[in-house]
$ cat entry33.json   # JSON, C-alpha atoms
[["chain", "number", "residue", "atom", "x", "y", "z"],
["V", 1, "MET", "CA", 23.11, -10.57, -0.81],
["V", 2, "SER", "CA", 24.70, -7.53, 0.86],
["V", 3, "ARG", "CA", 26.45, -7.84, 4.21],
["V", 4, "ARG", "CA", 23.82, -5.60, 5.85],
["V", 5, "SER", "CA", 20.96, -7.72, 4.49],
["V", 6, "LEU", "CA", 22.69, -10.89, 5.62],
["V", 7, "THR", "CA", 23.24, -9.41, 9.08],
["V", 8, "GLY", "CA", 19.52, -8.59, 9.28],
["V", 9, "LEU", "CA", 18.56, -12.14, 8.39],
["V", 10, "VAL", "CA", 20.98, -13.55, 10.95],
["V", 11, "GLY", "CA", 19.35, -11.32, 13.57],
["V", 12, "LEU", "CA", 15.95, -12.61, 12.59],
["V", 13, "ALA", "CA", 17.21, -16.19, 12.77],
["V", 14, "LEU", "CA", 17.83, -15.66, 16.48],
["V", 15, "LEU", "CA", 14.07, -15.23, 16.88],
["V", 16, "ALA", "CA", 13.31, -18.53, 15.12],
["V", 17, "PRO", "CA", 12.28, -21.64, 17.11],
["V", 18, "SER", "CA", 15.13, -24.02, 17.91],
["V", 19, "GLY", "CA", 15.33, -27.48, 16.42],
["V", 20, "GLU", "CA", 16.38, -28.84, 13.06],
["V", 21, "ALA", "CA", 12.83, -28.97, 11.64],
["V", 22, "ALA", "CA", 12.26, -25.27, 12.38],
["V", 23, "ALA", "CA", 15.68, -24.05, 11.21],
["V", 24, "ALA", "CA", 14.21, -22.35, 8.12],
["V", 25, "THR", "CA", 11.52, -20.40, 10.01],
["V", 26, "LEU", "CA", 12.02, -16.69, 10.67],
["V", 27, "THR", "CA", 9.84, -14.35, 12.73],
["V", 28, "LEU", "CA", 8.84, -10.69, 12.54],
["V", 29, "ARG", "CA", 7.18, -9.03, 15.53],
["V", 30, "GLY", "CA", 5.61, -5.61, 15.78],
["V", 31, "THR", "CA", 2.42, -3.63, 16.35],
["V", 32, "VAL", "CA", -0.53, -2.31, 14.35],
["V", 33, "ALA", "CA", -1.82, 1.08, 15.57],
["V", 34, "TYR", "CA", -4.26, 3.78, 14.51],
["V", 35, "ARG", "CA", -4.43, 7.47, 15.44],
["V", 36, "GLU", "CA", -8.11, 7.79, 16.42],
["V", 37, "ARG", "CA", -9.21, 7.38, 20.05],
["V", 38, "ILE", "CA", -12.07, 5.01, 19.35],
["V", 39, "ALA", "CA", -12.97, 1.51, 20.48],
["V", 40, "LEU", "CA", -13.09, -1.18, 17.83],
["V", 41, "PRO", "CA", -16.06, -3.57, 17.60],
["V", 42, "ARG", "CA", -15.53, -6.77, 19.58],
["V", 43, "SER", "CA", -15.62, -8.73, 16.31],
["V", 44, "ALA", "CA", -12.89, -6.66, 14.61],
["V", 45, "VAL", "CA", -9.90, -8.55, 13.19],
["V", 46, "VAL", "CA", -6.37, -7.34, 12.42],
["V", 47, "GLU", "CA", -4.68, -8.85, 9.37],
["V", 48, "VAL", "CA", -0.94, -8.49, 8.74],
["V", 49, "LYS", "CA", 0.82, -9.67, 5.58],
["V", 50, "LEU", "CA", 4.43, -9.95, 4.45],
["V", 51, "VAL", "CA", 4.41, -9.31, 0.70],
["V", 52, "ASP", "CA", 6.85, -9.24, -2.19],
["V", 53, "VAL", "CA", 6.43, -5.81, -3.84],
["V", 54, "SER", "CA", 9.28, -6.07, -6.33],
["V", 55, "LEU", "CA", 7.04, -5.57, -9.38],
["V", 56, "ALA", "CA", 5.36, -2.16, -9.42],
["V", 57, "ASP", "CA", 2.97, -3.14, -12.21],
["V", 58, "ALA", "CA", 1.79, -6.44, -10.72],
["V", 59, "PRO", "CA", -0.14, -7.42, -7.57],
["V", 60, "ALA", "CA", 2.00, -7.98, -4.49],
["V", 61, "ARG", "CA", 2.69, -11.66, -3.74],
["V", 62, "THR", "CA", 1.80, -12.74, -0.21],
["V", 63, "ILE", "CA", 4.56, -14.66, 1.55],
["V", 64, "ALA", "CA", 2.97, -14.97, 5.00],
["V", 65, "GLU", "CA", -0.04, -13.61, 6.86],
["V", 66, "THR", "CA", -1.63, -13.68, 10.28],
["V", 67, "ARG", "CA", -5.01, -12.70, 11.72],
["V", 68, "ILE", "CA", -5.54, -11.47, 15.29],
["V", 69, "ALA", "CA", -8.69, -10.60, 17.20],
["V", 70, "ALA", "CA", -8.33, -6.86, 17.74],
["V", 71, "GLY", "CA", -10.26, -6.46, 20.97],
["V", 72, "PRO", "CA", -10.07, -3.05, 22.68],
["V", 73, "ARG", "CA", -6.28, -2.77, 22.34],
["V", 74, "ASN", "CA", -4.40, -0.08, 20.44],
["V", 75, "PRO", "CA", -1.77, -0.89, 19.37],
["V", 76, "VAL", "CA", -2.32, -4.58, 18.59],
["V", 77, "ARG", "CA", 0.74, -6.82, 18.77],
["V", 78, "TYR", "CA", 1.37, -9.42, 16.08],
["V", 79, "THR", "CA", 3.83, -12.23, 15.30],
["V", 80, "LEU", "CA", 4.45, -13.27, 11.70],
["V", 81, "ARG", "CA", 6.39, -16.46, 10.88],
["V", 82, "PHE", "CA", 7.59, -17.38, 7.41],
["V", 83, "ASP", "CA", 10.03, -19.53, 5.47],
["V", 84, "ARG", "CA", 13.50, -18.01, 5.21],
["V", 85, "ALA", "CA", 13.85, -19.43, 1.68],
["V", 86, "GLU", "CA", 11.12, -17.01, 0.51],
["V", 87, "ILE", "CA", 13.41, -13.99, 1.04],
["V", 88, "GLN", "CA", 15.58, -13.49, -2.04],
["V", 89, "PRO", "CA", 18.38, -10.97, -2.68],
["V", 90, "ARG", "CA", 17.62, -7.95, -4.86],
["V", 91, "ARG", "CA", 13.87, -8.18, -4.27],
["V", 92, "SER", "CA", 11.65, -5.75, -2.31],
["V", 93, "TYR", "CA", 9.51, -6.72, 0.66],
["V", 94, "ALA", "CA", 7.01, -4.84, 2.81],
["V", 95, "LEU", "CA", 4.42, -5.33, 5.53],
["V", 96, "GLN", "CA", 0.75, -4.51, 4.98],
["V", 97, "ALA", "CA", -2.04, -4.39, 7.56],
["V", 98, "ARG", "CA", -5.78, -3.86, 7.71],
["V", 99, "ILE", "CA", -8.50, -3.94, 10.36],
["V", 100, "SER", "CA", -11.94, -5.15, 9.37],
["V", 101, "ASP", "CA", -15.23, -6.08, 10.95],
["V", 102, "GLY", "CA", -16.84, -8.78, 8.85],
["V", 103, "ASP", "CA", -17.04, -7.41, 5.30],
["V", 104, "ARG", "CA", -16.51, -3.81, 6.46],
["V", 105, "LEU", "CA", -12.99, -2.40, 6.11],
["V", 106, "LEU", "CA", -12.17, -0.04, 8.98],
["V", 107, "PHE", "CA", -8.44, 0.74, 8.70],
["V", 108, "ILE", "CA", -5.70, 0.03, 6.15],
["V", 109, "THR", "CA", -2.03, 0.84, 5.55],
["V", 110, "THR", "CA", -1.44, 3.77, 3.19],
["V", 111, "THR", "CA", 2.38, 4.00, 3.32],
["V", 112, "ARG", "CA", 5.06, 1.41, 2.66],
["V", 113, "HIS", "CA", 6.58, -0.45, 5.63],
["V", 114, "THR", "CA", 9.78, -1.83, 4.14],
["V", 115, "VAL", "CA", 11.64, -4.86, 5.51],
["V", 116, "PHE", "CA", 14.88, -6.64, 4.52],
["V", 117, "ALA", "CA", 16.24, -3.58, 2.71],
["V", 118, "GLY", "CA", 19.50, -3.33, 4.63],
["V", 119, "GLY", "CA", 18.18, -0.85, 7.20],
["V", 120, "PRO", "CA", 15.81, -1.06, 10.16],
["V", 121, "ASN", "CA", 12.73, -3.18, 9.51],
["V", 122, "ARG", "CA", 9.55, -1.07, 9.85],
["V", 123, "THR", "CA", 7.53, -3.58, 11.84],
["V", 124, "ASP", "CA", 5.40, -1.06, 13.78],
["V", 125, "ILE", "CA", 2.61, -0.39, 11.30],
["V", 126, "ARG", "CA", 0.34, 2.68, 11.28],
["V", 127, "VAL", "CA", -3.06, 2.17, 9.63],
["V", 128, "GLU", "CA", -5.42, 4.91, 8.46],
["V", 129, "ARG", "CA", -9.18, 5.03, 8.89],
["V", 130, "VAL", "CA", -11.35, 4.60, 5.79],
["V", 131, "SER", "CA", -14.73, 6.23, 5.25],
["V", 132, "GLY", "CA", -17.51, 4.28, 6.90],
["V", 133, "GLN", "CA", -21.26, 4.45, 7.36],
["V", 134, "GLY", "CA", -22.48, 7.78, 8.66],
["V", 135, "GLU", "CA", -19.47, 9.63, 7.26],
["V", 136, "ALA", "CA", -19.57, 11.87, 4.20],
["V", 137, "PRO", "CA", -16.89, 10.55, 1.85],
["V", 138, "GLN", "CA", -14.93, 13.01, -0.23],
["V", 139, "GLN", "CA", -15.89, 13.38, -3.85],
["V", 140, "PRO", "CA", -13.75, 11.12, -6.05],
["V", 141, "GLY", "CA", -12.74, 13.93, -8.42],
["V", 142, "LEU", "CA", -9.26, 14.79, -9.63],
["V", 143, "ALA", "CA", -9.29, 18.38, -8.34],
["V", 144, "GLY", "CA", -7.76, 18.95, -4.92],
["V", 145, "ARG", "CA", -4.52, 18.64, -2.95],
["V", 146, "TRP", "CA", -2.62, 15.36, -3.14],
["V", 147, "LEU", "CA", 0.37, 14.13, -1.12],
["V", 148, "ALA", "CA", 2.83, 11.75, -2.80],
["V", 149, "GLU", "CA", 3.06, 8.45, -0.89],
["V", 150, "ASP", "CA", 4.96, 6.37, -3.44],
["V", 151, "ILE", "CA", 7.01, 7.43, -6.46],
["V", 152, "GLY", "CA", 8.05, 4.76, -8.94],
["V", 153, "GLY", "CA", 7.65, 1.99, -6.37],
["V", 154, "GLY", "CA", 10.40, 3.42, -4.19],
["V", 155, "GLY", "CA", 8.30, 5.06, -1.49],
["V", 156, "VAL", "CA", 9.06, 8.58, -0.26],
["V", 157, "ILE", "CA", 11.14, 10.17, 2.49],
["V", 158, "ASP", "CA", 9.39, 10.43, 5.84],
["V", 159, "ARG", "CA", 8.46, 14.02, 6.80],
["V", 160, "LEU", "CA", 9.35, 15.36, 3.33],
["V", 161, "GLN", "CA", 6.17, 16.34, 1.52],
["V", 162, "SER", "CA", 5.84, 16.37, -2.24],
["V", 163, "VAL", "CA", 2.43, 17.94, -2.88],
["V", 164, "LEU", "CA", 0.40, 18.24, -6.08],
["V", 165, "GLU", "CA", -2.57, 20.60, -6.25],
["V", 166, "ILE", "CA", -4.87, 20.37, -9.25],
["V", 167, "GLY", "CA", -7.52, 23.03, -9.83],
["V", 168, "ALA", "CA", -10.90, 22.48, -11.44],
["V", 169, "ASP", "CA", -9.60, 24.48, -14.43],
["V", 170, "GLY", "CA", -6.52, 22.26, -14.80],
["V", 171, "ARG", "CA", -4.07, 24.62, -13.15],
["V", 172, "VAL", "CA", -1.30, 22.81, -11.27],
["V", 173, "SER", "CA", 0.66, 24.02, -8.24],
["V", 174, "GLY", "CA", 2.40, 22.50, -5.25],
["V", 175, "THR", "CA", 5.90, 21.60, -4.13],
["V", 176, "GLY", "CA", 8.33, 18.86, -4.99],
["V", 177, "GLY", "CA", 9.64, 18.87, -1.43],
["V", 178, "CYS", "CA", 12.01, 21.80, -1.89],
["V", 179, "ASN", "CA", 10.80, 24.08, -4.68],
["V", 180, "ARG", "CA", 7.36, 25.43, -5.53],
["V", 181, "ILE", "CA", 5.98, 24.27, -8.87],
["V", 182, "GLY", "CA", 3.32, 25.56, -11.24],
["V", 183, "GLY", "CA", 1.83, 24.70, -14.60],
["V", 184, "ARG", "CA", -1.22, 23.09, -16.17],
["V", 185, "ALA", "CA", -2.63, 19.60, -16.68],
["V", 186, "THR", "CA", -4.65, 18.53, -19.71],
["V", 187, "VAL", "CA", -7.32, 15.99, -18.76],
["V", 188, "THR", "CA", -9.52, 14.10, -21.23],
["V", 189, "GLY", "CA", -11.52, 11.36, -19.56],
["V", 190, "THR", "CA", -8.97, 9.19, -17.75],
["V", 191, "ALA", "CA", -6.10, 10.51, -19.90],
["V", 192, "ILE", "CA", -3.82, 13.14, -18.38],
["V", 193, "SER", "CA", -0.69, 15.00, -19.38],
["V", 194, "PHE", "CA", 1.22, 17.63, -17.48],
["V", 195, "GLY", "CA", 2.62, 20.43, -19.60],
["V", 196, "ARG", "CA", 5.90, 22.12, -18.90],
["V", 197, "LEU", "CA", 6.07, 22.71, -15.17],
["V", 198, "ILE", "CA", 7.99, 25.69, -13.84],
["V", 199, "SER", "CA", 9.62, 25.75, -10.42],
["V", 200, "THR", "CA", 11.64, 27.96, -8.14],
["V", 201, "GLN", "CA", 15.39, 27.35, -8.02],
["V", 202, "MET", "CA", 16.17, 26.81, -4.35],
["V", 203, "ALA", "CA", 18.88, 24.33, -3.35],
["V", 204, "CYS", "CA", 18.06, 21.79, -0.64],
["V", 205, "THR", "CA", 19.63, 18.63, 0.74],
["V", 206, "PRO", "CA", 20.64, 16.00, -1.85],
["V", 207, "ALA", "CA", 17.91, 13.65, -0.56],
["V", 208, "ALA", "CA", 15.21, 16.30, -0.95],
["V", 209, "MET", "CA", 16.43, 17.25, -4.41],
["V", 210, "ASN", "CA", 16.49, 13.59, -5.42],
["V", 211, "GLN", "CA", 12.87, 13.07, -4.36],
["V", 212, "GLU", "CA", 11.83, 16.29, -6.09],
["V", 213, "HIS", "CA", 13.48, 15.13, -9.32],
["V", 214, "LYS", "CA", 11.66, 11.79, -9.13],
["V", 215, "PHE", "CA", 8.38, 13.60, -8.39],
["V", 216, "LEU", "CA", 8.68, 15.86, -11.45],
["V", 217, "THR", "CA", 9.86, 12.98, -13.66],
["V", 218, "ALA", "CA", 6.82, 10.92, -12.62],
["V", 219, "LEU", "CA", 4.49, 13.80, -13.48],
["V", 220, "GLU", "CA", 6.11, 14.10, -16.91],
["V", 221, "ALA", "CA", 5.65, 10.34, -17.47],
["V", 222, "ALA", "CA", 1.98, 10.27, -16.38],
["V", 223, "ARG", "CA", -0.49, 9.41, -19.14],
["V", 224, "SER", "CA", -3.59, 8.27, -17.24],
["V", 225, "TRP", "CA", -5.20, 8.65, -13.82],
["V", 226, "ARG", "CA", -7.71, 6.91, -11.61],
["V", 227, "ILE", "CA", -9.09, 7.37, -8.12],
["V", 228, "ASP", "CA", -9.24, 4.61, -5.52],
["V", 229, "PRO", "CA", -12.44, 5.84, -3.78],
["V", 230, "LEU", "CA", -12.10, 3.54, -0.78],
["V", 231, "ARG", "CA", -8.63, 4.73, 0.19],
["V", 232, "GLN", "CA", -8.92, 8.21, -1.41],
["V", 233, "LYS", "CA", -5.80, 7.69, -3.52],
["V", 234, "LEU", "CA", -4.87, 9.24, -6.85],
["V", 235, "ILE", "CA", -2.96, 6.75, -9.01],
["V", 236, "LEU", "CA", -0.97, 8.06, -11.98],
["V", 237, "SER", "CA", 0.14, 5.59, -14.65],
["V", 238, "GLY", "CA", 2.61, 5.85, -17.52],
["V", 239, "ALA", "CA", 2.25, 4.97, -21.20],
["V", 240, "ALA", "CA", 2.70, 1.24, -20.53],
["V", 241, "GLY", "CA", 0.06, 1.27, -17.80],
["V", 242, "THR", "CA", 2.58, 0.94, -14.98],
["V", 243, "THR", "CA", 2.03, 3.01, -11.83],
["V", 244, "VAL", "CA", 4.41, 5.97, -11.68],
["V", 245, "MET", "CA", 3.02, 7.63, -8.54],
["V", 246, "VAL", "CA", 0.44, 7.11, -5.79],
["V", 247, "LEU", "CA", -0.88, 10.17, -3.93],
["V", 248, "ALA", "CA", -3.24, 10.55, -0.96],
["V", 249, "ARG", "CA", -5.90, 13.23, -0.74],
["V", 250, "MET", "CA", -5.03, 15.95, 1.77]]

$ encode --input "entry33.json" --output "structure tokens"
Amino acid sequence: MSRRSLTGLVGLALLAPSGEAAAATLTLRGTVAYRERIALPRSAVVEVKLVDVSLADAPARTIAETRIAAGPRNPVRYTLRFDRAEIQPRRSYALQARISDGDRLLFITTTRHTVFAGGPNRTDIRVERVSGQGEAPQQPGLAGRWLAEDIGGGGVIDRLQSVLEIGADGRVSGTGGCNRIGGRATVTGTAISFGRLISTQMACTPAAMNQEHKFLTALEAARSWRIDPLRQKLILSGAAGTTVMVLARM
């Protein structure tokens, strides 16, 4: 375990209850918030989970979860307690949240909130509204503008947009985060392949260039696509069926 990770766990240990029996219990505290100025139903519930997301091609494993009555508050504060032994070196962990009313999903996380990665833990969670009754959901087609939210399981840089635009005729345009790109996609059913993509040759910061390289590499590796209609996500998978990129409709 790195010194930074160990320091983070020691800091969390200070939040744990005292006493020998509770020595292995750690606590994360934060908020769940949404952008809209609307009142939630009185029966709405906020659910927060700490999950192991180390395997990009497998479901996340839940380590701990909590449920809170939402009430009229925004943001909603939460406390999540878990066993320290569940946190292992060289694995990836994140927080996920959702707000529901009975069987109806109202809000859900759409970006990764990483914890225990050596930097600040992202415990203040922003959730996005999903299409509900009375709203006209967007058509679940491939054509449109898509914003990369996760590339190869490593997330993306905040405020740096890698955008893919796919036309009804298969034409591709957008930006990797620094340079404009163009080309064509061949789509047959759920199969997809991106031909040779051309781009401008501007130089940007190393971080931006690194994300752009990962973005273009993921497009080259894509072999199939599917739409998550509930969350309006485009999911690109490689030859082995593993997810190479997740994009949100813009």

$ closest_residue --input "entry33.json" --among "V:Asp124, V:Asp158, V:Glu212, V:Asp169" --to "Val187 in chain V" --atoms "all atoms listed in the file"
V:Asp169

$ closest_residue --input "entry33.json" --among "V:Trp146, V:Asn179, V:Glu47, V:Ala248" --to "Ala208 in chain V" --atoms "all atoms listed in the file"
V:Asn179

$ closest_residue --input "entry33.json" --among "V:Gly183, V:Leu28, V:Tyr93, V:Gly102" --to "Thr66 in chain V" --atoms "all atoms listed in the file"
V:Leu28

$ atom_distance --input "entry33.json" --atom1 "CA of Leu234 in chain V" --atom2 "CA of Glu165 in chain V"
11.6 Å

$ residues_near_point --input "entry33.json" --point "(-2.7, -8.3, 9.6)" --cutoff "9 Å" --atoms "only C-alpha atoms" --output "list in words"
Val32, Val45, Val46, Glu47, Val48, Lys49, Leu50, Glu65, Thr66, Arg67, Ile68, Tyr78, Leu80, Leu95, Gln96, Ala97, Arg98 and Ile99 of chain V

$ residues_near_point --input "entry33.json" --point "(-8.7, 5.8, 17.3)" --cutoff "12 Å" --atoms "only C-alpha atoms" --output "list in words"
Val32, Ala33, Tyr34, Arg35, Glu36, Arg37, Ile38, Ala39, Leu40, Pro41, Pro72, Arg73, Asn74, Pro75, Ile99, Leu106, Phe107, Arg126, Val127, Glu128, Arg129 and Val130 of chain V
